[in-house]
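Reviewing the structure listed below.
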Amino acid sequence: MNKHVPEVVFKTRVRDESVEGENPFRWQDVSSEEVFSGKTIVIVALPGAFTPTCSSTHLPGFEQKYQELKDLGVDEVYCLSVNDAFSMFQWGKNLGVEKVKLLPDGNGDFTRGMGMLVKKENLGFGDRSWRYAMVVKDGEVQEIFEEPGKCDNCPTDPFERSDVDTVINYLRSA
């Protein structure tokens, strides 16, 4: 495979107690290099925060088996979606996500660079990520688990290949 991940800047929000007021967060740019360099990373990419499959099964599966992924040599697990930092934060809070890090790709730059940006205008979503998961080592994609049928305005939402158990099985055999 050996495709290098796209070089982008993620616009994130981080807690900062020096910020006054009820919302002690500040903007922080995080580069692809900071996320991936020298590490083994699992990316869970999905169509959207608060959407049914993403919220009920996809992200929760990675959260539940986070330690198993770590035990298999993964340094960190990120959930990526073409959503803004505010939506990703509230979604994680709503689901009680404490281990998987949420990575907002608000402009879709990373997703576009991966060739995974699709139109979901049929649902009123605009441009979103196709559902996939991948294992990345030091910025190089080792394996990608892309759902079948990728197309613009897909009438279905396949979820067969990008689940946590598929990724764990790959890591065990790698």
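Chain lettering (A, B, ...) mirrors the order of the structure tokens, residue numbering begins at 1 for each chain separately, and ligand numbering begins at 1 in order of display.
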
Pick out the residues sitting within 10 Å of Asp152 in chain A, and hand them over as a PyMOL selection string; count only C-alpha atoms, and ignore anything fewer than 5 positions along from it in its own chain. chain A and resi 117-122+127-128+130

Take the residues from that selection and put them in a file with C-alpha atoms, as a short mmCIF file (atom, residue, chain, number, x, y, z; two decimals), in the first residue's frame.
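Contents of out_16.cif, as written:
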```cif
data_model
loop_
_atom_site.label_atom_id
_atom_site.label_comp_id
_atom_site.auth_asym_id
_atom_site.auth_seq_id
_atom_site.Cartn_x
_atom_site.Cartn_y
_atom_site.Cartn_z
CA LEU A 117 -14.50 12.73 0.07
CA VAL A 118 -17.98 11.94 -1.27
CA LYS A 119 -21.12 13.95 -1.79
CA LYS A 120 -23.99 13.17 0.54
CA GLU A 121 -26.32 15.82 -0.81
CA ASN A 122 -29.09 13.22 -0.96
CA ASP A 127 -19.38 16.71 1.28
CA ARG A 128 -18.49 14.03 3.81
CA TRP A 130 -16.69 7.75 3.07
#
```

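Every protein, DNA or RNA residue with an atom at most 7 Å from Cys79 in chain A, where only C-alpha atoms count and chain neighbours fewer than 4 positions away do not, is listed here: Ile43, Val44, Ala45, Val100, Lys101, Leu102 and Leu103 of chain A.
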
Only N, CA and C atoms, please: the residues just picked out, written as a compact mmCIF listing (two decimals), in the first residue's frame.
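Wrote it out as out-v7.txt, contents follow:
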```
# COMPACT_ATOMS: atom_id res chain seq x y z
N ILE A 43 -6.94 5.17 12.35
CA ILE A 43 -7.93 6.21 12.01
C ILE A 43 -9.25 5.52 11.74
N VAL A 44 -10.30 6.03 12.36
CA VAL A 44 -11.67 5.61 12.10
C VAL A 44 -12.31 6.80 11.44
N ALA A 45 -12.63 6.68 10.16
CA ALA A 45 -13.21 7.81 9.42
C ALA A 45 -14.67 7.49 9.12
N VAL A 100 -10.64 7.36 22.65
CA VAL A 100 -10.42 7.70 21.24
C VAL A 100 -10.41 9.22 21.11
N LYS A 101 -9.44 9.74 20.37
CA LYS A 101 -9.35 11.18 20.16
C LYS A 101 -10.16 11.55 18.93
N LEU A 102 -10.93 12.62 19.05
CA LEU A 102 -11.76 13.07 17.93
C LEU A 102 -11.00 14.12 17.13
N LEU A 103 -10.94 13.89 15.82
CA LEU A 103 -10.14 14.73 14.94
C LEU A 103 -11.04 15.39 13.90
```

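Straight-line separation from CA of Phe36 in chain A to CA of Thr51 in chain A: 26.7 Å.
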
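Considering only C-alpha atoms, the residue among A:Glu147, A:Asn153, A:Val135, A:Asp105 positioned nearest to Gly48 in chain A is A:Asp105.
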
So which one's closest to Asp109 in chain A, A:Cys151, A:Leu69, A:Ile168, A:Leu80? Using only C-alpha atoms, please. A:Leu80

According to DSSP computed on the backbone, where in range 35-136 of chain A is there helix (DSSP H, G or I)? Give the residues as a PyMOL selection string. chain A and resi 35-36+52-64+66-71+85-95+109-113+121-123

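Checking A:Asp84, A:Asp75, A:Asp165, A:Glu146 one by one against Trp27 in chain A, counting only C-alpha atoms, you find the shortest gap at A:Asp84.
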
Extract, using only C-alpha atoms, all DNA, RNA and protein residues at most 10 Å from Leu95 in chain A, discarding same-chain residues fewer than 5 positions from it, and format them as an mmCIF file with C-alpha atoms, in the first residue's frame.
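File selection_16.cif, as written:
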```cif
data_model
loop_
_atom_site.group_PDB
_atom_site.id
_atom_site.type_symbol
_atom_site.label_atom_id
_atom_site.label_comp_id
_atom_site.auth_asym_id
_atom_site.auth_seq_id
_atom_site.Cartn_x
_atom_site.Cartn_y
_atom_site.Cartn_z
ATOM 1 C CA PHE A 50 -24.376 12.331 15.714
ATOM 2 C CA SER A 55 -22.909 6.916 17.059
ATOM 3 C CA SER A 56 -24.433 3.534 17.889
ATOM 4 C CA LEU A 59 -17.078 4.882 17.196
ATOM 5 C CA PRO A 60 -18.316 3.042 20.335
ATOM 6 C CA GLU A 63 -13.801 3.158 22.290
ATOM 7 C CA GLN A 90 -20.072 17.725 21.737
#
```

Correct to one decimal, the distance CA of Pro148 in chain A-CA of Tyr132 in chain A is 9.5 Å

DSSP on the backbone: what in range 46-155 of chain A comes out strand (DSSP E), as a VMD selection string? chain A and resid 46 76 to 81 101 to 104 117 to 119 127 to 129 132 to 137 140 to 146

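Among the candidates A:Gly92, A:Gly126, A:Gly139, A:Pro104, the one nearest to Val42 in chain A when counting only C-alpha atoms is A:Gly139.
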
Between CA of Ala49 in chain A and CA of Cys154 in chain A, what is the spacing in Å? 18.0 Å
